[in-house]
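Structure file input00.cif with mmCIF, C-alpha atoms:
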```cif
data_run
#
loop_
_atom_site.label_atom_id
_atom_site.label_comp_id
_atom_site.auth_asym_id
_atom_site.auth_seq_id
_atom_site.Cartn_x
_atom_site.Cartn_y
_atom_site.Cartn_z
CA MET A 1 163.01 -91.34 8.97
CA THR A 2 165.10 -90.64 5.85
CA LEU A 3 168.77 -90.45 4.94
CA ASP A 4 168.83 -86.85 6.17
CA ASP A 5 167.86 -87.96 9.67
CA LEU A 6 170.98 -90.09 10.01
CA ASP A 7 174.04 -88.54 11.53
CA ALA A 8 177.59 -89.63 10.82
CA ALA A 9 177.61 -92.13 13.69
CA ASP A 10 174.35 -93.71 12.47
CA ARG A 11 175.84 -94.16 9.03
CA ARG A 12 179.04 -95.65 10.36
CA LEU A 13 176.97 -98.02 12.47
CA ILE A 14 174.78 -99.14 9.54
CA ASN A 15 177.76 -99.63 7.29
CA ARG A 16 179.64 -101.53 9.97
CA LEU A 17 176.72 -103.84 10.80
CA GLN A 18 176.11 -104.73 7.17
CA ASP A 19 179.35 -106.65 7.53
CA GLY A 20 177.92 -108.63 10.41
CA LEU A 21 177.90 -108.82 14.16
CA PRO A 22 180.42 -110.95 16.06
CA LEU A 23 179.06 -114.03 17.84
CA VAL A 24 180.21 -113.08 21.33
CA ALA A 25 178.36 -112.61 24.61
CA ARG A 26 178.37 -108.81 24.34
CA PRO A 27 178.28 -108.16 20.57
CA TYR A 28 177.08 -104.56 20.86
CA ALA A 29 179.87 -103.67 23.25
CA ALA A 30 182.38 -105.15 20.79
CA VAL A 31 181.08 -103.12 17.85
CA ALA A 32 180.69 -99.99 19.99
CA GLU A 33 184.34 -100.24 20.96
CA GLU A 34 185.35 -100.55 17.31
CA LEU A 35 183.35 -97.44 16.46
CA GLY A 36 184.51 -95.51 19.50
CA ILE A 37 181.05 -94.99 20.99
CA ALA A 38 179.40 -96.23 24.20
CA GLU A 39 177.46 -99.49 24.16
CA GLY A 40 174.33 -97.70 25.44
CA ASP A 41 174.63 -95.12 22.68
CA LEU A 42 174.87 -97.87 20.05
CA LEU A 43 171.84 -99.71 21.44
CA GLY A 44 169.85 -96.47 21.50
CA ARG A 45 170.76 -95.75 17.89
CA LEU A 46 169.80 -99.25 16.75
CA ALA A 47 166.45 -99.01 18.55
CA ARG A 48 165.79 -95.66 16.88
CA LEU A 49 166.75 -96.96 13.42
CA ARG A 50 164.54 -100.00 13.87
CA GLU A 51 161.58 -97.93 15.05
CA GLY A 52 162.16 -95.43 12.24
CA GLY A 53 161.76 -98.22 9.70
CA VAL A 54 165.28 -97.88 8.34
CA LEU A 55 166.12 -101.50 9.11
CA SER A 56 163.99 -104.22 7.59
CA ARG A 57 165.92 -106.98 9.31
CA PHE A 58 168.25 -107.01 12.25
CA GLY A 59 169.71 -110.30 13.38
CA PRO A 60 170.38 -113.58 11.61
CA MET A 61 170.07 -113.77 7.85
CA TYR A 62 168.78 -117.21 6.99
CA HIS A 63 169.65 -119.33 4.02
CA ALA A 64 166.11 -120.31 3.02
CA GLU A 65 166.89 -123.41 1.02
CA ARG A 66 169.14 -124.89 3.67
CA LEU A 67 166.46 -124.28 6.27
CA GLY A 68 164.23 -126.54 4.19
CA GLY A 69 162.19 -123.69 2.77
CA GLY A 70 161.45 -122.75 -0.80
CA LEU A 71 162.47 -119.51 -2.47
CA THR A 72 161.92 -118.22 -5.97
CA LEU A 73 161.61 -115.10 -8.11
CA ALA A 74 158.48 -114.88 -10.21
CA ALA A 75 156.97 -112.38 -12.60
CA LEU A 76 153.64 -111.47 -14.15
CA ALA A 77 152.68 -109.47 -17.22
CA VAL A 78 149.86 -107.41 -15.75
CA PRO A 79 147.54 -105.32 -17.94
CA GLU A 80 147.94 -101.68 -16.88
CA SER A 81 144.23 -101.24 -16.17
CA ASP A 82 144.25 -104.24 -13.86
CA PHE A 83 147.41 -103.46 -11.92
CA ASP A 84 145.84 -102.49 -8.60
CA ARG A 85 143.58 -105.51 -8.43
CA VAL A 86 146.40 -107.89 -9.30
CA SER A 87 148.88 -106.38 -6.84
CA GLU A 88 146.30 -106.66 -4.09
CA ALA A 89 145.61 -110.28 -5.01
CA VAL A 90 149.30 -111.18 -5.11
CA ASN A 91 150.18 -109.40 -1.88
CA ALA A 92 147.36 -111.22 -0.10
CA PHE A 93 149.59 -114.32 -0.21
CA PRO A 94 151.76 -114.38 2.92
CA GLU A 95 154.47 -116.18 0.92
CA VAL A 96 155.12 -112.98 -1.09
CA ALA A 97 158.20 -111.45 0.52
CA HIS A 98 158.97 -108.64 -1.93
CA ASN A 99 156.93 -107.27 -4.76
CA TYR A 100 158.26 -104.67 -7.18
CA ARG A 101 156.76 -103.00 -10.17
CA ARG A 102 159.29 -102.88 -12.99
CA GLU A 103 159.47 -101.33 -16.43
CA HIS A 104 158.98 -104.23 -18.81
CA GLU A 105 156.14 -106.23 -20.30
CA LEU A 106 156.74 -108.48 -17.29
CA ASN A 107 155.93 -105.64 -14.93
CA MET A 108 155.33 -107.30 -11.57
CA TRP A 109 158.24 -109.12 -9.92
CA PHE A 110 157.96 -110.83 -6.59
CA VAL A 111 159.89 -113.17 -4.35
CA LEU A 112 158.12 -116.16 -2.87
CA ALA A 113 159.43 -117.65 0.39
CA THR A 114 157.69 -120.80 1.56
CA GLU A 115 158.19 -123.19 4.45
CA THR A 116 158.84 -126.15 2.18
CA PRO A 117 159.93 -126.36 -1.50
CA ASP A 118 156.68 -128.00 -2.66
CA ARG A 119 154.73 -125.02 -1.36
CA ILE A 120 156.24 -122.94 -4.20
CA ALA A 121 154.23 -124.77 -6.87
CA GLU A 122 151.07 -124.61 -4.77
CA THR A 123 151.52 -120.90 -4.16
CA ILE A 124 152.11 -120.23 -7.85
CA ALA A 125 148.99 -122.20 -8.74
CA GLY A 126 147.09 -120.15 -6.17
CA ILE A 127 148.38 -116.87 -7.59
CA GLU A 128 147.47 -117.94 -11.13
CA ALA A 129 143.96 -118.84 -9.96
CA ALA A 130 143.57 -115.56 -8.06
CA THR A 131 144.87 -113.33 -10.87
CA GLY A 132 143.96 -115.22 -14.03
CA LEU A 133 147.53 -114.61 -15.25
CA THR A 134 150.45 -116.91 -16.03
CA VAL A 135 153.24 -116.80 -13.45
CA PHE A 136 156.76 -116.88 -14.87
CA ASN A 137 158.72 -118.83 -12.28
CA MET A 138 162.47 -118.16 -12.34
CA PRO A 139 164.11 -119.96 -9.41
CA LYS A 140 167.78 -119.43 -8.74
CA GLU A 141 169.95 -121.98 -10.56
CA GLU A 142 173.29 -120.67 -9.38
CA GLU A 143 174.32 -117.87 -7.05
CA PHE A 144 177.38 -115.76 -7.73
CA HIS A 145 178.42 -114.44 -4.36
CA VAL A 146 178.70 -110.75 -3.73
CA ARG A 147 179.51 -108.78 -0.64
CA LEU A 148 176.15 -107.23 0.11
CA HIS A 149 176.85 -103.74 1.24
CA LEU A 150 174.90 -100.59 0.52
CA PRO A 151 176.92 -97.67 1.80
CA VAL A 152 174.66 -94.97 3.26
CA MET B 153 149.86 -126.21 10.29
CA THR B 154 152.98 -127.53 8.63
CA LEU B 155 156.19 -126.94 10.48
CA THR B 156 159.51 -126.22 8.91
CA PRO B 157 161.55 -129.42 8.90
CA ILE B 158 164.45 -128.90 11.21
CA ALA B 159 167.31 -130.98 9.93
CA LEU B 160 169.57 -129.46 12.53
CA ASP B 161 167.69 -131.14 15.33
CA THR B 162 168.26 -134.68 14.17
CA ARG B 163 171.45 -135.16 16.16
CA PRO B 164 170.68 -136.80 19.46
CA ALA B 165 173.22 -134.70 21.33
CA SER B 166 171.98 -131.39 20.00
CA GLY B 167 169.58 -130.64 22.83
CA ASN B 168 165.90 -129.92 23.06
CA PRO B 169 164.27 -129.59 19.61
CA ASP B 170 161.35 -127.55 20.95
CA ALA B 171 163.69 -125.03 22.52
CA HIS B 172 165.66 -124.84 19.26
CA ARG B 173 162.55 -124.26 17.23
CA HIS B 174 161.44 -121.60 19.67
CA LEU B 175 164.89 -120.00 19.45
CA ARG B 176 164.75 -119.88 15.67
CA ALA B 177 161.28 -118.34 15.70
CA LEU B 178 162.48 -115.67 18.14
CA LEU B 179 165.62 -115.00 16.10
CA GLU B 180 163.51 -114.36 13.02
CA GLN B 181 162.01 -111.39 14.83
CA GLY B 182 165.50 -110.02 15.21
CA LEU B 183 168.24 -110.03 17.77
CA PRO B 184 167.19 -108.41 21.08
CA LEU B 185 168.69 -104.98 21.70
CA THR B 186 170.03 -105.81 25.13
CA PRO B 187 173.67 -105.83 26.22
CA ARG B 188 173.65 -109.65 26.35
CA PRO B 189 171.19 -110.59 23.59
CA TRP B 190 172.01 -114.32 23.71
CA ARG B 191 171.23 -114.41 27.41
CA THR B 192 167.94 -112.59 26.80
CA LEU B 193 167.01 -115.24 24.22
CA ALA B 194 168.24 -118.02 26.49
CA GLU B 195 165.92 -116.86 29.25
CA GLN B 196 162.99 -116.82 26.84
CA VAL B 197 163.53 -120.34 25.52
CA GLY B 198 164.81 -121.99 28.69
CA MET B 199 168.35 -122.65 27.57
CA ALA B 200 171.75 -121.54 28.82
CA GLU B 201 173.38 -118.52 27.19
CA GLU B 202 176.29 -120.71 26.04
CA GLY B 203 173.81 -123.20 24.58
CA VAL B 204 172.11 -120.50 22.52
CA MET B 205 175.45 -119.24 21.22
CA ALA B 206 176.52 -122.80 20.40
CA CYS B 207 173.31 -123.33 18.40
CA VAL B 208 173.80 -120.14 16.44
CA ARG B 209 177.46 -120.97 15.87
CA ARG B 210 176.50 -124.37 14.50
CA TRP B 211 173.74 -122.94 12.30
CA GLN B 212 176.27 -120.50 10.90
CA ALA B 213 178.78 -123.30 10.28
CA GLU B 214 176.08 -125.34 8.53
CA GLY B 215 175.11 -122.37 6.41
CA LEU B 216 171.56 -122.09 7.75
CA ILE B 217 172.39 -118.63 8.99
CA LYS B 218 174.41 -116.69 6.48
CA ARG B 219 175.45 -113.97 8.89
CA LEU B 220 174.28 -111.82 11.78
CA GLY B 221 173.72 -108.31 10.65
CA LEU B 222 171.17 -105.97 9.26
CA VAL B 223 169.26 -105.25 6.11
CA VAL B 224 168.65 -101.63 5.25
CA ARG B 225 165.23 -100.65 3.96
CA HIS B 226 166.93 -98.82 1.16
CA ARG B 227 163.90 -97.07 -0.28
CA ARG B 228 163.25 -95.49 3.07
CA LEU B 229 166.74 -94.03 2.91
CA GLY B 230 166.24 -92.55 -0.52
CA ILE B 231 168.16 -95.21 -2.42
CA GLN B 232 165.36 -95.16 -4.95
CA ALA B 233 166.96 -96.49 -8.08
CA ASN B 234 166.88 -100.26 -7.98
CA ALA B 235 167.82 -101.80 -11.28
CA MET B 236 167.51 -105.44 -12.17
CA VAL B 237 169.88 -105.96 -15.05
CA VAL B 238 169.20 -109.12 -17.04
CA TRP B 239 171.54 -110.69 -19.57
CA ASP B 240 171.20 -113.29 -22.31
CA VAL B 241 174.46 -115.19 -21.96
CA PRO B 242 175.35 -118.36 -23.91
CA ASP B 243 174.99 -121.20 -21.41
CA GLU B 244 178.64 -122.18 -21.57
CA GLY B 245 179.74 -118.67 -20.58
CA VAL B 246 177.20 -117.80 -17.91
CA ALA B 247 179.24 -118.94 -14.89
CA LEU B 248 182.23 -116.88 -15.94
CA VAL B 249 180.21 -113.74 -16.62
CA GLY B 250 178.26 -114.26 -13.37
CA ARG B 251 181.43 -114.50 -11.30
CA ARG B 252 182.87 -111.39 -12.92
CA LEU B 253 179.69 -109.37 -12.39
CA ALA B 254 179.51 -110.46 -8.75
CA ARG B 255 182.96 -109.03 -8.13
CA GLU B 256 181.83 -105.56 -9.20
CA THR B 257 181.17 -103.39 -6.15
CA ALA B 258 178.01 -101.89 -7.68
CA VAL B 259 176.44 -105.35 -8.03
CA THR B 260 174.50 -106.39 -4.92
CA LEU B 261 173.03 -109.71 -6.11
CA CYS B 262 173.87 -111.99 -9.02
CA TYR B 263 172.02 -115.17 -9.97
CA ARG B 264 171.65 -117.54 -12.87
CA ARG B 265 167.97 -118.26 -13.55
CA PRO B 266 166.12 -120.20 -16.25
CA ARG B 267 165.06 -118.56 -19.51
CA ARG B 268 161.34 -118.56 -20.20
CA LEU B 269 161.24 -118.64 -23.99
CA PRO B 270 159.92 -117.11 -26.09
CA ASP B 271 158.95 -114.26 -23.75
CA TRP B 272 162.07 -114.14 -21.60
CA PRO B 273 165.48 -114.95 -23.09
CA TYR B 274 167.56 -113.75 -20.12
CA ASN B 275 169.42 -116.21 -17.91
CA LEU B 276 171.66 -114.02 -15.74
CA PHE B 277 170.24 -111.48 -13.28
CA CYS B 278 172.06 -108.88 -11.23
CA MET B 279 170.95 -105.99 -9.06
CA ILE B 280 172.46 -102.52 -8.96
CA HIS B 281 171.23 -99.99 -6.38
CA GLY B 282 171.80 -96.27 -6.26
CA THR B 283 170.29 -92.98 -5.26
CA ARG B 284 169.66 -91.94 -8.86
CA ARG B 285 169.05 -93.69 -12.17
CA GLU B 286 171.79 -91.78 -13.94
CA ARG B 287 174.30 -93.07 -11.44
CA VAL B 288 173.12 -96.67 -11.78
CA LEU B 289 173.27 -96.45 -15.59
CA ALA B 290 176.76 -94.97 -15.42
CA ASP B 291 177.87 -97.81 -13.13
CA LEU B 292 176.40 -100.31 -15.57
CA ALA B 293 178.09 -98.68 -18.58
CA ALA B 294 181.42 -98.82 -16.77
CA ILE B 295 180.91 -102.51 -15.97
CA VAL B 296 179.98 -103.36 -19.56
CA GLU B 297 183.11 -101.66 -20.78
CA ARG B 298 185.42 -103.08 -18.12
CA LEU B 299 184.23 -106.65 -18.60
CA GLY B 300 183.79 -106.41 -22.38
CA LEU B 301 180.11 -107.31 -22.32
CA ASP B 302 178.98 -105.12 -25.24
CA ASP B 303 178.00 -108.15 -27.31
CA LEU B 304 175.64 -109.57 -24.70
CA GLU B 305 172.02 -108.59 -25.05
CA HIS B 306 170.84 -107.09 -21.79
CA ARG B 307 167.97 -105.08 -20.37
CA VAL B 308 167.68 -102.77 -17.40
CA LEU B 309 164.44 -103.09 -15.43
CA PHE B 310 164.16 -100.25 -12.96
CA SER B 311 161.63 -100.68 -10.23
CA THR B 312 159.06 -97.93 -10.02
CA HIS B 313 157.22 -99.04 -6.92
CA ALA B 314 157.75 -101.39 -3.99
CA TYR B 315 154.49 -102.99 -2.99
CA ARG B 316 156.07 -105.04 -0.30
CA GLN B 317 159.55 -105.17 1.12
CA CYS B 318 160.10 -107.47 4.04
CA GLY B 319 162.28 -110.35 4.99
CA GLY B 320 161.10 -113.89 4.43
CA ARG B 321 159.51 -115.60 7.39
CA TYR B 322 160.51 -119.22 7.41
CA VAL B 323 159.23 -120.25 10.79
CA ARG B 324 155.61 -119.45 11.45
CA GLU B 325 154.65 -117.71 14.64
CA GLY B 326 153.42 -120.28 17.06
CA ALA B 327 155.65 -122.93 15.53
CA ALA B 328 157.39 -123.09 18.85
#
```
Translate this file's structure into structure tokens.
Amino acid sequence: MTLDDLDAADRRLINRLQDGLPLVARPYAAVAEELGIAEGDLLGRLARLREGGVLSRFGPMYHAERLGGGLTLAALAVPESDFDRVSEAVNAFPEVAHNYRREHELNMWFVLATETPDRIAETIAGIEAATGLTVFNMPKEEEFHVRLHLPV
Amino acid sequence: MTLTPIALDTRPASGNPDAHRHLRALLEQGLPLTPRPWRTLAEQVGMAEEGVMACVRRWQAEGLIKRLGLVVRHRRLGIQANAMVVWDVPDEGVALVGRRLARETAVTLCYRRPRRLPDWPYNLFCMIHGTRRERVLADLAAIVERLGLDDLEHRVLFSTHAYRQCGGRYVREGAA
């Protein structure tokens, strides 16, 4: 499923739900009424979007640190010839939530999400042992709040 | 297996901790697509619908849950250009620049992070997404001009490949 597969109502729905769902007994009916569509239509669209892989998360967005978990952004400088092996080794860790290749000497950037804060250091040590590379750990020191909204 | 510490269950009046843990694990899989999703969850964890909603309301108030909503798998939708823009800002000015950047509509995340000298002098990170690189760079140029950031050394790191894009999982399956 790509952007071209979304009709105007799908797009309105995605844009509306990025702002959040009300905490009421029938939240889908409430949003459907706002958008002027039937509740069943909205549920069908959401199911299709979820099955089509358009939505990576639907539901509560957790604040990892306040849940007692650990979260950090880390990077590696991976030799070009070794990139596939290293990405496989890094992605084998279940704590790796996102992993992007980027254009810089530090060319592999990943987010670690762990159940407890001390697991971050253990995971980094594990990744260093598995890859033979130094992990640059860059945890968040301060968040500047934005309204997360990607219009589609 | 280590379990996530659940600070929210320490209050004696807050109900059954096992049911709450189960509820959180279920919620991480997403909200059910049923007309009364809280009732669906309530049936699964053995709580009342009102009890489930009260838990979620409290977790929102405590900041454990930031919001109920969705995250778009943007690459799947063709929003391919994902730029991490990193800035080297004097420490005394980083909060001000961070707050200003976060107010820009093109900026989707903005964090202060530690420098890793000598390799990495940048201490302020923001993300800009767009369908095309040219558009992202134009947005960035406009921001630099509007906020007067020409003097700050910065780099744009476009992503060229997503090896993994999924939400964090903070409660293990089976933790309930």
| Nearest to chain B, chosen from A:Gly20, A:Gly126, A:Gly70, A:Gly40, with only C-alpha atoms counted in the distances |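 Among the listed residues, the smallest separation from chain B belongs to A:Gly20.
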| task | Using all atoms listed in the file, determine which residues of chain B fall within 6 Å of chain A; present them as an NGL selection string. | result | :B and (156 or 182-183 or 187-188 or 216-225 or 228-229 or 250-251 or 254 or 260 or 262-266 or 309-318 or 320 or 322)
Which residues, named as in the file, does the PyMOL selection byres ((chain B and resi 278-284) around 6) pick out? Answer as a compact mmCIF listing (two decimals) with C-alpha atoms, in the coordinates of the input.
```
# COMPACT_ATOMS: atom_id res chain seq x y z
CA ILE B 231 168.16 -95.21 -2.42
CA GLN B 232 165.36 -95.16 -4.95
CA ALA B 233 166.96 -96.49 -8.08
CA ASN B 234 166.88 -100.26 -7.98
CA ALA B 235 167.82 -101.80 -11.28
CA MET B 236 167.51 -105.44 -12.17
CA VAL B 237 169.88 -105.96 -15.05
CA ALA B 258 178.01 -101.89 -7.68
CA VAL B 259 176.44 -105.35 -8.03
CA THR B 260 174.50 -106.39 -4.92
CA LEU B 261 173.03 -109.71 -6.11
CA CYS B 262 173.87 -111.99 -9.02
CA PHE B 277 170.24 -111.48 -13.28
CA ARG B 285 169.05 -93.69 -12.17
CA GLU B 286 171.79 -91.78 -13.94
CA ARG B 287 174.30 -93.07 -11.44
CA VAL B 288 173.12 -96.67 -11.78
```
| task | Take the point (168.3, -121.3, 12.8) as written in the file and pick out every residue within 9 Å of it, counting only C-alpha atoms; give the list as a list in words. | result |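 Selection result: Pro60, Tyr62 and Leu67 of chain A; Ile158, Leu160, His172, Arg173, Leu175, Arg176, Ala177, Leu179, Glu180, Cys207, Val208, Arg210, Trp211, Gln212, Leu216 and Ile217 of chain B.
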Written file, previous selection with C-alpha atoms, as a tab-separated table (two decimals), in the coordinates of the input:
```
chain	number	residue	atom	x	y	z
A	60	PRO	CA	170.38	-113.58	11.61
A	62	TYR	CA	168.78	-117.21	6.99
A	67	LEU	CA	166.46	-124.28	6.27
B	158	ILE	CA	164.45	-128.90	11.21
B	160	LEU	CA	169.57	-129.46	12.53
B	172	HIS	CA	165.66	-124.84	19.26
B	173	ARG	CA	162.55	-124.26	17.23
B	175	LEU	CA	164.89	-120.00	19.45
B	176	ARG	CA	164.75	-119.88	15.67
B	177	ALA	CA	161.28	-118.34	15.70
B	179	LEU	CA	165.62	-115.00	16.10
B	180	GLU	CA	163.51	-114.36	13.02
B	207	CYS	CA	173.31	-123.33	18.40
B	208	VAL	CA	173.80	-120.14	16.44
B	210	ARG	CA	176.50	-124.37	14.50
B	211	TRP	CA	173.74	-122.94	12.30
B	212	GLN	CA	176.27	-120.50	10.90
B	216	LEU	CA	171.56	-122.09	7.75
B	217	ILE	CA	172.39	-118.63	8.99
```
Just say which residues the PyMOL selection byres ((chain A and resi 78) around 10) picks in this file, as a PDB file with C-alpha atoms, keeping the file's coordinate frame.
```pdb
ATOM      1  CA  ALA A  75     156.970-112.380 -12.600  1.00  0.00           C
ATOM      2  CA  LEU A  76     153.640-111.470 -14.150  1.00  0.00           C
ATOM      3  CA  ALA A  77     152.680-109.470 -17.220  1.00  0.00           C
ATOM      4  CA  PRO A  79     147.540-105.320 -17.940  1.00  0.00           C
ATOM      5  CA  GLU A  80     147.940-101.680 -16.880  1.00  0.00           C
ATOM      6  CA  SER A  81     144.230-101.240 -16.170  1.00  0.00           C
ATOM      7  CA  ASP A  82     144.250-104.240 -13.860  1.00  0.00           C
ATOM      8  CA  PHE A  83     147.410-103.460 -11.920  1.00  0.00           C
ATOM      9  CA  ASP A  84     145.840-102.490  -8.600  1.00  0.00           C
ATOM     10  CA  ARG A  85     143.580-105.510  -8.430  1.00  0.00           C
ATOM     11  CA  VAL A  86     146.400-107.890  -9.300  1.00  0.00           C
ATOM     12  CA  SER A  87     148.880-106.380  -6.840  1.00  0.00           C
ATOM     13  CA  ARG A 101     156.760-103.000 -10.170  1.00  0.00           C
ATOM     14  CA  GLU A 105     156.140-106.230 -20.300  1.00  0.00           C
ATOM     15  CA  LEU A 106     156.740-108.480 -17.290  1.00  0.00           C
ATOM     16  CA  ASN A 107     155.930-105.640 -14.930  1.00  0.00           C
ATOM     17  CA  MET A 108     155.330-107.300 -11.570  1.00  0.00           C
ATOM     18  CA  THR A 131     144.870-113.330 -10.870  1.00  0.00           C
ATOM     19  CA  GLY A 132     143.960-115.220 -14.030  1.00  0.00           C
ATOM     20  CA  LEU A 133     147.530-114.610 -15.250  1.00  0.00           C
ATOM     21  CA  THR A 134     150.450-116.910 -16.030  1.00  0.00           C
TER      22      THR A 134
END
```
| In Å to one decimal, how far is CA of Asp7 in chain A from CA of Ala32 in chain A? |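 Answer for the CA of Ala32 in chain A to CA of Asp7 in chain A separation: 15.7 Å.
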| Expanded to explicit residues, what is the PyMOL selection byres ((chain B and resi 272) around 10) for this file, as a ChimeraX atom specification? | /A:105-106,136 /B:238,240,266-271,273-275
| What is the CA of Leu253 in chain B-CA of Ile295 in chain B distance in Å, reported with one decimal? |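 Interatomic distance, CA of Leu253 in chain B to CA of Ile295 in chain B: 7.8 Å.
Distances from B:Leu276, B:Leu304, B:Asn168, B:Val249 to Ala200 in chain B were compared using only C-alpha atoms, and the smallest one belongs to B:Asn168.
Of note, CA of Ala30 in chain A and CA of Ala9 in chain A are spaced 15.6 Å apart.
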